[in-house]
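J.: One structure, pasted below without further comment.
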Amino acid sequence: MDTKIIENFIGEYSWIILTGFVFLMAKSTIESAIEGLKVMWGPDLDVDDTVIFDGRPARITRISLWKTTMFVYEVGCNDGKPYIKGGNKVSIQNVKLKDHMIEKPLPMLDLKKWDNCSDN
């Protein structure tokens with residue numbers, strides 16, 4: 001009699017247990033997808049943006065649901081003038097972007113309005 005109750009309980013509620021197990025296993029995939037959507041649809045990074053990635057200039061070439069791809073440049077100096085001497089293609093999972101310092105330079109400001117300034 002007791003085994004009949006247990007078999008009925010497992011038969012009725014096994015789908016809940018199975019669904020919970022699947023969600024636990026898929027948790028990281030769901031989190032990665034949500035982070036990817038935030039990067040793809042967010043206003044912070046766009047394809048073809050020039051950024052400073054961990055202290056080096058870079059250009060974002062692709063943003064997908066799972067990863068962001070960019071070209072990170074190496075800058076050299078010759079006669080006091082900087083030049084691009086090489087670089088790397090870097091693909092980073094969107095959930096790992098928060099572990100890196102990514103700066104987006106602001107456009108140059110027109111300071112003509114303040115040409116006649118004084119340090120008073």
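Following the order of the structure tokens, chains are lettered A, B, ..., residues in each are numbered from 1, and ligands are numbered from 1.
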Residues near region 22-34 of chain A, anyone? I mean within 9 Å using only C-alpha atoms, not counting same-chain ones fewer than 4 positions away, as a PyMOL selection string.
T.: chain A and resi 17-18+38-39+65-66+93-95
J.: Could those residues be written to a file, using C-alpha atoms, as a short mmCIF file (atom, residue, chain, number, x, y, z; two decimals), in the first residue's frame?
T.:
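As a result, result08.cif now contains:
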```cif
data_model
loop_
_atom_site.label_atom_id
_atom_site.label_comp_id
_atom_site.auth_asym_id
_atom_site.auth_seq_id
_atom_site.Cartn_x
_atom_site.Cartn_y
_atom_site.Cartn_z
CA ILE A 17 11.35 17.43 -10.54
CA LEU A 18 12.54 17.02 -14.13
CA LYS A 38 21.79 43.45 -22.51
CA VAL A 39 25.01 44.01 -24.47
CA LEU A 65 24.24 36.87 -28.10
CA TRP A 66 27.14 34.95 -26.56
CA GLN A 93 32.02 36.10 -23.64
CA ASN A 94 29.51 38.81 -22.82
CA VAL A 95 29.28 37.67 -19.20
#
```
J.: Just asking: which residues within chain A are strand (DSSP E or B) according to DSSP, as a ChimeraX atom specification?
T.: /A:50-53,56-63,67-78,81-93,102-103
J.: Can you list, as a PyMOL selection string, every residue of region 75-114 of chain A that DSSP puts in helix (DSSP H, G or I)?
T.: chain A and resi 94-99+112-114
J.: Extract, using only C-alpha atoms, all DNA, RNA and protein residues at most 6 Å from Tyr73 (chain A), discarding same-chain residues fewer than 3 positions from it, and format them as a list in words.
T.: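 The residues that qualify are Pro57, Ala58, Gly86 and Gly87 of chain A.
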J.: Which value, in Å to one decimal, gives the distance between CA of Lys96 (chain A) and CA of Asp49 (chain A)?
T.: 18.6 Å
J.: With only C-alpha atoms as the atoms that count, which of A:Ile84, A:Lys67, A:Lys89, A:Leu106 lies nearest to Gly36 (chain A)?
T.: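 For Gly36 (chain A), the nearest of the candidates is A:Lys67.
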J.: Given the choices A:Leu37, A:Ile52, A:Ile16, A:Ile5, which gets closest to His100 (chain A) if the distance is worked out from only C-alpha atoms?
T.: A:Ile52
J.: Taking into account only C-alpha atoms, which residue in the set A:Glu103, A:Asp115, A:Ile63, A:Met108 is nearest to Ser91 (chain A)?
T.: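 Result for the nearest residue to Ser91 (chain A): A:Ile63.
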J.: Pick out the closest residue to Leu45 (chain A) from this set: A:Val75, A:Ile6, A:Glu12, A:Thr61. Count only C-alpha atoms.
T.: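 Checking each candidate against Leu45 (chain A), we get A:Thr61 as the closest.
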J.: So, with only C-alpha atoms as the atoms that count, which of A:Gly20, A:Leu109, A:Arg59, A:Pro43 lies closest to Asn88 (chain A)?
T.: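 Under the stated criterion, the closest residue is A:Arg59.
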J.: Find the distance between CA of Leu97 (chain A) and CA of Thr68 (chain A) and write it in Å to one decimal.
T.: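 Computing the Euclidean distance for CA of Leu97 (chain A) and CA of Thr68 (chain A) yields 8.4 Å.
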